[in-house]
Structure formats: structure tokens, C-alpha cells
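Peer 1: Sending over input-v6.tsv (TSV, C-alpha atoms).
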```tsv
chain	number	residue	atom	x	y	z
A	99	MET	CA	-16.53	0.74	-4.45
A	100	LEU	CA	-16.57	-3.05	-4.28
A	101	SER	CA	-12.79	-3.24	-3.94
A	102	GLU	CA	-10.04	-0.95	-2.77
A	103	PRO	CA	-8.88	1.60	-5.31
A	104	ARG	CA	-5.27	1.18	-6.36
A	105	SER	CA	-4.54	4.55	-4.78
A	106	GLY	CA	-5.75	3.17	-1.45
A	107	GLN	CA	-3.36	0.24	-1.61
A	108	LEU	CA	-0.46	2.47	-2.63
A	109	ALA	CA	-1.15	4.98	0.14
A	110	ALA	CA	-1.77	2.40	2.88
A	111	TRP	CA	1.25	0.21	2.20
A	112	GLY	CA	3.40	3.17	1.22
A	113	ASN	CA	2.64	4.72	4.60
A	114	ALA	CA	3.57	1.50	6.38
A	115	LEU	CA	6.83	1.37	4.42
A	116	LEU	CA	7.69	5.02	5.11
A	117	ALA	CA	7.07	4.36	8.81
A	118	GLY	CA	9.36	1.33	8.78
A	119	LEU	CA	6.56	-1.11	9.63
A	120	VAL	CA	6.90	-3.34	6.56
A	121	SER	CA	9.71	-4.28	4.17
A	122	PRO	CA	9.90	-2.85	0.65
A	123	ASP	CA	9.20	-6.29	-0.84
A	124	ASP	CA	6.07	-6.79	1.28
A	125	ALA	CA	4.80	-3.29	0.51
A	126	VAL	CA	5.26	-3.65	-3.24
A	127	LEU	CA	3.67	-7.11	-3.25
A	128	ALA	CA	0.58	-5.75	-1.50
A	129	ILE	CA	0.35	-2.67	-3.73
A	130	VAL	CA	0.67	-4.59	-7.00
A	131	GLY	CA	-1.81	-7.27	-5.92
A	132	ASP	CA	-3.15	-9.17	-8.94
A	133	ASP	CA	-1.67	-6.72	-11.44
A	134	ALA	CA	1.41	-7.71	-13.44
A	135	VAL	CA	3.56	-4.69	-12.70
A	136	HIS	CA	3.43	-1.08	-11.47
A	137	ARG	CA	5.82	1.64	-12.57
A	138	VAL	CA	6.18	5.34	-11.75
A	139	GLU	CA	6.76	7.86	-14.55
A	140	GLY	CA	7.85	11.50	-14.21
A	141	LEU	CA	9.58	11.11	-10.85
A	142	PRO	CA	12.05	13.97	-10.21
A	143	GLY	CA	15.58	12.81	-10.81
A	144	GLU	CA	14.59	9.91	-13.06
A	145	SER	CA	14.70	9.99	-16.87
A	146	GLY	CA	12.15	7.21	-17.37
A	147	PRO	CA	9.69	4.93	-15.59
A	148	VAL	CA	10.98	3.17	-12.47
A	149	GLY	CA	9.72	0.38	-10.23
A	150	LEU	CA	7.74	0.96	-7.05
A	151	THR	CA	10.60	0.11	-4.69
A	152	LEU	CA	12.87	2.76	-6.18
A	153	ALA	CA	9.99	5.23	-6.51
A	154	LEU	CA	8.95	4.99	-2.87
A	155	GLY	CA	12.56	5.40	-1.78
A	156	ARG	CA	12.92	8.44	-4.04
A	157	LEU	CA	9.74	10.00	-2.65
A	158	ARG	CA	11.12	9.57	0.87
A	159	ALA	CA	14.38	11.25	-0.20
A	160	LEU	CA	12.34	14.11	-1.70
A	161	GLY	CA	10.71	14.72	1.69
A	162	ALA	CA	7.55	12.62	1.58
A	163	THR	CA	6.59	11.49	5.08
A	164	GLY	CA	3.15	10.10	4.21
A	165	LEU	CA	0.65	9.46	1.45
A	166	ARG	CA	-2.96	10.57	1.17
A	167	VAL	CA	-5.74	9.35	-1.12
A	168	ALA	CA	-8.06	11.40	-3.33
A	169	LEU	CA	-11.21	9.92	-4.87
A	170	PRO	CA	-12.68	12.76	-6.92
A	171	ALA	CA	-15.87	12.65	-8.96
A	172	PRO	CA	-17.51	15.26	-11.24
A	173	GLY	CA	-18.45	18.22	-9.07
A	174	HIS	CA	-16.68	16.75	-6.03
A	175	PRO	CA	-12.86	17.22	-5.88
A	176	LEU	CA	-12.60	14.92	-2.87
A	177	GLY	CA	-9.07	14.88	-1.44
A	178	LEU	CA	-7.58	17.21	-4.05
A	179	SER	CA	-5.80	20.51	-3.47
A	180	GLY	CA	-4.72	21.53	-7.00
A	181	PRO	CA	-3.31	22.68	-9.29
A	182	PRO	CA	-5.89	22.32	-12.08
A	183	ALA	CA	-3.64	20.10	-14.23
A	184	PHE	CA	-3.28	17.53	-11.48
A	185	ASN	CA	-6.95	17.77	-10.49
A	186	ALA	CA	-8.05	17.17	-14.10
A	187	ARG	CA	-5.89	14.07	-14.44
A	188	ALA	CA	-7.03	12.72	-11.07
A	189	LEU	CA	-10.67	13.34	-11.95
A	190	ASP	CA	-10.23	11.46	-15.21
A	191	ALA	CA	-8.76	8.48	-13.30
A	192	GLU	CA	-11.23	8.94	-10.41
A	193	GLU	CA	-8.36	8.49	-7.93
A	194	ALA	CA	-4.92	9.75	-6.99
A	195	VAL	CA	-2.28	9.69	-4.25
A	196	VAL	CA	-0.97	12.95	-2.80
A	197	CYS	CA	2.34	13.08	-0.93
A	198	HIS	CA	2.55	14.69	2.50
A	199	GLY	CA	5.83	16.57	2.92
A	200	ALA	CA	6.59	16.77	-0.81
A	201	ALA	CA	4.59	18.72	-3.41
A	202	LEU	CA	4.00	15.67	-5.60
A	203	GLY	CA	1.07	13.48	-6.53
A	204	LEU	CA	0.58	10.20	-8.35
A	205	VAL	CA	-2.24	9.34	-10.75
A	206	PRO	CA	-2.64	5.80	-12.13
A	207	GLU	CA	-3.10	4.88	-15.76
A	208	VAL	CA	-4.16	1.27	-16.31
A	209	TYR	CA	-3.30	-0.81	-19.37
A	210	GLU	CA	-5.10	-4.12	-19.94
A	211	ALA	CA	-4.50	-6.80	-22.56
A	212	GLY	CA	-5.62	-10.36	-23.10
A	213	PRO	CA	-8.88	-12.35	-23.09
A	214	ALA	CA	-11.42	-12.36	-20.28
A	215	GLY	CA	-10.16	-14.45	-17.40
A	216	ASP	CA	-6.54	-13.98	-18.39
A	217	VAL	CA	-6.12	-10.21	-18.49
A	218	HIS	CA	-2.61	-8.81	-18.17
A	219	VAL	CA	-2.71	-5.53	-16.23
A	220	GLU	CA	0.06	-2.97	-16.05
A	221	VAL	CA	-0.20	0.30	-14.14
A	222	VAL	CA	1.80	3.46	-14.75
A	223	TRP	CA	1.66	6.05	-11.97
A	224	HIS	CA	2.19	9.54	-13.38
A	225	CYS	CA	4.07	11.77	-10.94
A	226	LEU	CA	2.95	15.41	-11.11
A	227	ALA	CA	3.35	18.58	-9.09
A	228	VAL	CA	0.61	19.35	-6.56
A	229	ARG	CA	-0.30	22.35	-4.46
A	230	GLU	CA	0.54	22.04	-0.77
A	231	ALA	CA	-2.83	22.84	0.79
A	232	PRO	CA	-5.48	21.05	2.86
A	233	PRO	CA	-7.32	18.36	0.82
A	234	ALA	CA	-10.89	19.13	-0.19
A	235	ASP	CA	-13.87	17.81	1.79
A	236	VAL	CA	-12.12	15.05	3.77
A	237	PRO	CA	-13.92	14.32	7.08
A	238	SER	CA	-12.40	13.06	10.30
A	239	LEU	CA	-12.78	9.36	11.07
A	240	GLY	CA	-15.40	10.17	13.68
A	241	GLU	CA	-17.43	12.27	11.26
A	242	ALA	CA	-17.12	9.62	8.56
A	243	GLU	CA	-18.32	6.86	10.86
A	244	ARG	CA	-21.39	8.83	11.97
A	245	GLU	CA	-22.23	9.86	8.41
A	246	LEU	CA	-21.90	6.29	7.14
A	247	ALA	CA	-24.19	4.82	9.77
A	248	GLU	CA	-26.83	7.42	8.94
A	249	ALA	CA	-26.35	6.99	5.18
A	250	LEU	CA	-26.71	3.22	5.38
A	251	ARG	CA	-29.96	3.54	7.33
A	252	GLU	CA	-31.38	6.21	5.03
A	253	ALA	CA	-30.41	4.32	1.87
A	254	THR	CA	-32.02	1.11	3.10
A	255	GLU	CA	-35.23	2.95	4.01
A	256	ALA	CA	-35.32	4.84	0.71
A	257	LEU	CA	-34.76	1.74	-1.40
A	258	SER	CA	-37.41	-0.13	0.55
A	259	ARG	CA	-39.93	2.65	-0.15
A	260	LEU	CA	-39.01	2.48	-3.83
A	261	ASP	CA	-39.44	-1.32	-3.85
A	262	VAL	CA	-35.90	-1.80	-5.11
A	263	ALA	CA	-34.34	-5.23	-4.93
A	264	GLY	CA	-31.38	-3.92	-3.00
A	265	SER	CA	-32.76	-3.34	0.44
A	266	GLY	CA	-33.93	-6.71	1.78
A	267	PRO	CA	-32.51	-10.10	2.78
A	268	VAL	CA	-31.41	-10.97	-0.76
A	269	ALA	CA	-29.32	-7.82	-0.93
A	270	ALA	CA	-27.88	-8.44	2.52
A	271	ALA	CA	-26.84	-11.94	1.49
A	272	ALA	CA	-25.23	-10.59	-1.68
A	273	VAL	CA	-23.29	-7.99	0.29
A	274	ASP	CA	-22.11	-10.58	2.82
A	275	ALA	CA	-21.04	-12.95	0.03
A	276	TYR	CA	-19.07	-10.17	-1.61
A	277	ARG	CA	-17.34	-9.26	1.63
A	278	ALA	CA	-16.39	-12.90	2.26
A	279	ARG	CA	-14.80	-13.15	-1.19
A	280	ALA	CA	-13.08	-9.78	-0.95
A	281	GLU	CA	-11.64	-10.32	2.51
A	282	ARG	CA	-10.32	-13.82	1.90
A	283	GLY	CA	-6.55	-13.82	2.20
A	284	ARG	CA	-6.00	-10.07	2.47
A	285	GLU	CA	-5.57	-7.30	5.00
A	286	LEU	CA	-8.03	-4.45	4.76
A	287	LEU	CA	-5.40	-1.85	5.68
A	288	ALA	CA	-1.65	-1.98	6.18
A	289	PRO	CA	0.05	-2.29	9.58
A	290	GLY	CA	0.05	0.88	11.65
A	291	TYR	CA	-3.49	2.02	10.89
A	292	PRO	CA	-5.81	2.65	13.87
A	293	PRO	CA	-8.63	0.12	14.40
A	294	ARG	CA	-11.22	2.83	13.81
A	295	ALA	CA	-9.88	3.37	10.28
A	296	VAL	CA	-10.33	-0.33	9.54
A	297	ARG	CA	-13.88	-0.18	10.92
A	298	VAL	CA	-14.75	2.89	8.83
A	299	LEU	CA	-13.33	1.35	5.66
A	300	GLU	CA	-15.26	-1.88	6.24
A	301	LEU	CA	-18.50	0.06	6.65
A	302	ALA	CA	-17.75	2.21	3.59
A	303	GLN	CA	-17.27	-0.92	1.51
A	304	ARG	CA	-20.49	-2.40	2.85
A	305	VAL	CA	-22.36	0.75	1.86
A	306	GLY	CA	-20.66	0.64	-1.55
A	307	ALA	CA	-21.71	-2.98	-1.99
A	308	LEU	CA	-25.31	-2.08	-1.17
A	309	ILE	CA	-25.20	0.64	-3.83
A	310	SER	CA	-23.84	-1.78	-6.42
A	311	VAL	CA	-26.44	-4.42	-5.56
A	312	ALA	CA	-29.20	-1.81	-5.85
A	313	TYR	CA	-27.97	-0.57	-9.22
A	314	GLY	CA	-27.36	-4.09	-10.48
A	315	SER	CA	-30.69	-5.54	-9.45
A	316	GLY	CA	-32.46	-4.64	-12.64
A	317	HIS	CA	-35.52	-2.44	-12.44
A	318	GLY	CA	-36.96	-4.09	-9.34
A	319	GLY	CA	-40.22	-2.37	-8.65
A	320	ALA	CA	-39.11	0.79	-10.42
A	321	VAL	CA	-40.97	0.41	-13.70
A	322	SER	CA	-40.96	4.04	-14.83
A	323	ALA	CA	-38.27	6.55	-15.68
A	324	SER	CA	-39.33	8.70	-12.73
A	325	GLU	CA	-38.94	5.78	-10.33
A	326	MET	CA	-35.51	4.98	-11.75
A	327	ALA	CA	-34.55	8.62	-11.29
A	328	ALA	CA	-35.78	8.45	-7.70
A	329	ARG	CA	-33.54	5.46	-7.08
A	330	ALA	CA	-30.50	7.33	-8.43
A	331	GLU	CA	-31.43	10.38	-6.37
A	332	ALA	CA	-31.59	8.27	-3.21
A	333	LEU	CA	-28.23	6.60	-3.87
A	334	ARG	CA	-26.21	9.63	-5.01
A	335	PRO	CA	-25.61	11.19	-1.57
A	336	VAL	CA	-24.95	7.75	-0.09
A	337	GLU	CA	-22.26	7.03	-2.65
A	338	ARG	CA	-20.68	10.41	-1.91
A	339	THR	CA	-20.66	9.66	1.81
A	340	ALA	CA	-19.04	6.28	1.22
A	341	ARG	CA	-16.29	7.82	-0.89
A	342	ARG	CA	-15.60	10.47	1.76
A	343	ALA	CA	-15.33	7.74	4.38
A	344	GLN	CA	-12.94	5.70	2.26
A	345	VAL	CA	-10.65	8.71	1.93
A	346	ALA	CA	-10.86	9.42	5.68
A	347	ALA	CA	-9.87	5.82	6.44
A	348	TYR	CA	-6.91	5.71	4.05
A	349	ASN	CA	-5.71	9.14	5.20
A	350	ALA	CA	-5.97	8.34	8.92
A	351	PHE	CA	-2.31	7.32	9.12
A	352	VAL	CA	-1.12	10.76	8.01
A	353	GLU	CA	-3.79	12.61	10.01
A	354	GLU	CA	-2.74	10.88	13.24
A	355	ARG	CA	0.90	11.67	12.55
A	356	GLU	CA	0.03	15.34	12.01
A	357	ARG	CA	-1.76	15.41	15.36
A	358	GLY	CA	1.22	13.78	17.05
A	359	VAL	CA	-0.61	10.57	17.89
A	360	ARG	CA	2.20	8.42	16.48
```
Just dump the structure as C-alpha cells.
Peer 2:
Amino acid sequence: MLSEPRSGQLAAWGNALLAGLVSPDDAVLAIVGDDAVHRVEGLPGESGPVGLTLALGRLRALGATGLRVALPAPGHPLGLSGPPAFNARALDAEEAVVCHGAALGLVPEVYEAGPAGDVHVEVVWHCLAVREAPPADVPSLGEAERELAEALREATEALSRLDVAGSGPVAAAAVDAYRARAERGRELLAPGYPPRAVRVLELAQRVGALISVAYGSGHGGAVSASEMAARAEALRPVERTARRAQVAAYNAFVEERERGVR
């Protein structure tokens, strides 16, 4: 949750490309980021893996008019619509991209090699058939924003009661430092996204950072197994809310198009 999932980058910049708001080179550069290369495998009409530029053009030719994100977790098929084979692969990767207008989805597989500090990363996106149906459990931007504000308040209060080093000024400073590093030299979403989507994604990442700080703060005041379990219990619904909000933000481009806003 501390950085955008690769599916978020692919969906956001792929949407901007499909809408003609960015060039193919700019879109691919943003999607690949610090990775070495991304390829797409299993694309209809192609006998082997192809680069992102060709893949996005092929998806457009196959009828794709937009891209949605799924961020599933065990027991929570967030953003998925089936079939089981695609859902299982997306759950294993904990993310996926689902095409709007074409019954296809993309699931990343990441390959890493090299020593710490000099890791070479390649990503293969596996293209699979999906069921054309509404995605599971994705809220509207308005719902996501309200849920996040409430979740952030409840999580802070719960962690304070549990005496966890993740709810006070030290945690706030850690979250702010993370956001400063993460936002340096990058756009949070691609051109064409509504300001509210950017706001919701920023808040979702702040909530995610709070969760990570709380989990990474050692035992804090929680010195027993029951207290540690209470911490996890307090954070679990908050993490779920943050993931739902992330998906709502990334999918806002397609949702607005469906409503005729753009």
C-alpha cells in the first residue's frame, strides 16, 4: 500500500493513452517506471510476448475502451468478475487489470534478479479471458472518500487505545516523510482523471502508510499475543477500506466515461 500497484499504473496511463491524452512513449515510460521491461503474453493474435506499446494498441483494436484495476485479497475478490481461473491468478498476484469493452484481463508476474540495490526487474502481464460483469465490491469515489475519512479516524483511535507506536506524532512524521519521497518527481494519476480521484488515492495511500507504520513499529505497548491480535483486528477493516478506495480512484476514469461525464 506504500506505493502504487503496477496494475494501477497500467490502468491509469493506459486509460490516458486510450483517450488520446498522452503519447504511447509517455504512457509506457510511466507504466514501466523503475522496472527494466514489461511484456504482455497471451494476447489474442500474437504468438509470443509483445511490448506494451503494441499490446495497448492491440487491446484497443480488440474493443477495449478503458482499463479497470482489481486488488483482491483472500476472502475479498475486490474488482474481479470471474471466471475462476482469472480470479485465482489475480488473487495469487494480489492485483490485476480488467479491460472495459473487451473480455480480457491482465495479471502481472514479476521476475527479479541481482543483488540488493541493483535488482533487475522484468514484468510479464498474462492476458486471460474474463467475464463481462460488474466488478465486485468497488465503491463510488464519494463512498470511498467518506469511508476512508472514517477509517483513518477509527484506526488512529484504536491504535492509541492499544498503545501502538503508529498513532502519534512519530507515526505522522513517518507517514509524511514517506509521502514526500513517494511523490517526488511523479504524478499520482495520469492526465484525464478527476481531482476527486487524486484526492481519494492520496488519502488511501496515507491510510496505507499508517497501517505499515503500525505493523512495522515493533510490539509497541502490545506485549501479549492477545494485544497483538487486537492490533491486527483493528487494522484489518482499515486496510480493506484503503484497498477499496484505491480501486475506486483508479477506476474513476472508466466510471465517468460510463456515466457520460467525459
Peer 1: Write out as a short mmCIF file (atom, residue, chain, number, x, y, z; two decimals) with C-alpha atoms, in the frame of the given file the residues lying within 9 Å of range 347-358 of chain A, counting all atoms listed in the file and excluding same-chain residues fewer than 4 positions away.
Peer 2:
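What follows is the written file around-v8.cif:
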```
data_model
loop_
_atom_site.label_atom_id
_atom_site.label_comp_id
_atom_site.auth_asym_id
_atom_site.auth_seq_id
_atom_site.Cartn_x
_atom_site.Cartn_y
_atom_site.Cartn_z
CA GLY A 106 -5.75 3.17 -1.45
CA GLN A 107 -3.36 0.24 -1.61
CA ALA A 109 -1.15 4.98 0.14
CA ALA A 110 -1.77 2.40 2.88
CA ASN A 113 2.64 4.72 4.60
CA ALA A 114 3.57 1.50 6.38
CA THR A 163 6.59 11.49 5.08
CA GLY A 164 3.15 10.10 4.21
CA LEU A 165 0.65 9.46 1.45
CA ARG A 166 -2.96 10.57 1.17
CA VAL A 167 -5.74 9.35 -1.12
CA HIS A 198 2.55 14.69 2.50
CA VAL A 236 -12.12 15.05 3.77
CA SER A 238 -12.40 13.06 10.30
CA LEU A 239 -12.78 9.36 11.07
CA ALA A 242 -17.12 9.62 8.56
CA LEU A 287 -5.40 -1.85 5.68
CA GLY A 290 0.05 0.88 11.65
CA TYR A 291 -3.49 2.02 10.89
CA PRO A 292 -5.81 2.65 13.87
CA ARG A 294 -11.22 2.83 13.81
CA ALA A 295 -9.88 3.37 10.28
CA VAL A 296 -10.33 -0.33 9.54
CA ARG A 297 -13.88 -0.18 10.92
CA VAL A 298 -14.75 2.89 8.83
CA LEU A 299 -13.33 1.35 5.66
CA ARG A 342 -15.60 10.47 1.76
CA ALA A 343 -15.33 7.74 4.38
#
```
Peer 1: Given the choices A:Val208, A:Leu202, A:Val148, A:Leu160, which gets closest to Asp190 in chain A if the distance is worked out from only C-alpha atoms?
Peer 2: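 Of A:Val208, A:Leu202, A:Val148, A:Leu160, the one nearest Asp190 in chain A, counting only C-alpha atoms, is A:Val208.
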Peer 1: Would you compute the distance between CA of Val138 in chain A and CA of Leu150 in chain A? Give it in Å to one decimal.
Peer 2: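 Separation between CA of Val138 in chain A and CA of Leu150 in chain A: 6.6 Å.
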Peer 1: If we count only C-alpha atoms and set the cut-off at 9 Å, which residues sit around Ala183 in chain A, ignoring sequence neighbours fewer than 3 positions away in its own chain? Please answer as a PDB file with C-alpha atoms, in the frame of the given file.
Peer 2:
```pdb
ATOM      1  CA  GLY A 180      -4.720  21.530  -7.000  1.00  0.00           C
ATOM      2  CA  ALA A 186      -8.050  17.170 -14.100  1.00  0.00           C
ATOM      3  CA  ARG A 187      -5.890  14.070 -14.440  1.00  0.00           C
ATOM      4  CA  ALA A 188      -7.030  12.720 -11.070  1.00  0.00           C
ATOM      5  CA  LEU A 226       2.950  15.410 -11.110  1.00  0.00           C
ATOM      6  CA  ALA A 227       3.350  18.580  -9.090  1.00  0.00           C
ATOM      7  CA  VAL A 228       0.610  19.350  -6.560  1.00  0.00           C
TER       8      VAL A 228
END
```
Peer 1: In Å to one decimal, how far is CA of Leu108 in chain A from CA of Pro213 in chain A?
Peer 2: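 Taking CA of Pro213 in chain A as the start and CA of Leu108 in chain A as the end point, the length is 26.6 Å.
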Peer 1: Which residue, A:Ala307, A:Ala234, A:Ile129, A:Ala201, has the smallest gap to Gly177 in chain A when you use only C-alpha atoms?
Peer 2: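 Between A:Ala307, A:Ala234, A:Ile129, A:Ala201, the residue approaching Gly177 in chain A most closely is A:Ala234.
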Peer 1: Extract, using only C-alpha atoms, all DNA, RNA and protein residues at most 10 Å from Ala247 in chain A, discarding same-chain residues fewer than 5 positions from it, and format them as an MDAnalysis selection string.
Peer 2: chainID A and resid 242 252 298 301:302 305 339
Peer 1: Output, as lines of an AutoDock Vina configuration file, the centre and edge lengths in Å (one decimal) of the axis-aligned box that contains all listed atoms of range 353-356 of chain A with 6 Å of margin on each side.
Peer 2:
```
center_x = -1.4
center_y = 13.1
center_z = 11.6
size_x = 16.7
size_y = 16.5
size_z = 15.2
```
Peer 1: For a test of reading the model, state the distance in Å between CA of Ala134 in chain A and CA of Leu152 in chain A, rounded to one decimal.
Peer 2: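 Result for CA of Ala134 in chain A versus CA of Leu152 in chain A: 17.1 Å, one decimal.
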Peer 1: For Leu141 in chain A, which of A:Ala330, A:Ala159, A:Glu337, A:Tyr209 is the closest residue, counting all atoms listed in the file?
Peer 2: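 Checking each of A:Ala330, A:Ala159, A:Glu337, A:Tyr209 against Leu141 in chain A, counting all atoms listed in the file, the winner is A:Ala159.
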Peer 1: Would you mind listing what lies within 12 Å of Ser121 in chain A as a list of chain:residue names, with all atoms listed in the file counted and same-chain residues fewer than 2 positions away left out?
Peer 2: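 With the cut-off at 12 Å, the set is A:Trp111, A:Gly112, A:Asn113, A:Ala114, A:Leu115, A:Leu116, A:Ala117, A:Gly118, A:Leu119, A:Asp123, A:Asp124, A:Ala125, A:Val126, A:Leu127, A:Ala128, A:Thr151, A:Leu154, A:Gly155, A:Ala288, A:Pro289.
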Peer 1: May I ask which of the residues A:Ala332, A:Ala168, A:Val222, A:Val205 is the closest one to Ser258 in chain A, counting all atoms listed in the file?
Peer 2: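 Answer, going by the shortest atom-to-atom distance: A:Ala332.
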Peer 1: Compare A:Ala253, A:Val135, A:Leu308, A:Ala346 by their minimum atom-to-atom distance to Glu331 in chain A, counting all atoms listed in the file, and give me the closest one.
Peer 2: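 Counting all atoms listed in the file, the residue closest to Glu331 in chain A is A:Ala253.
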Peer 1: My list of candidates is A:Leu178, A:Val336, A:Leu246, A:Leu189. Which is closest to Pro233 in chain A when distances are computed with all atoms listed in the file?
Peer 2: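 Looking at the shortest contact to Pro233 in chain A, the residue is A:Leu178.
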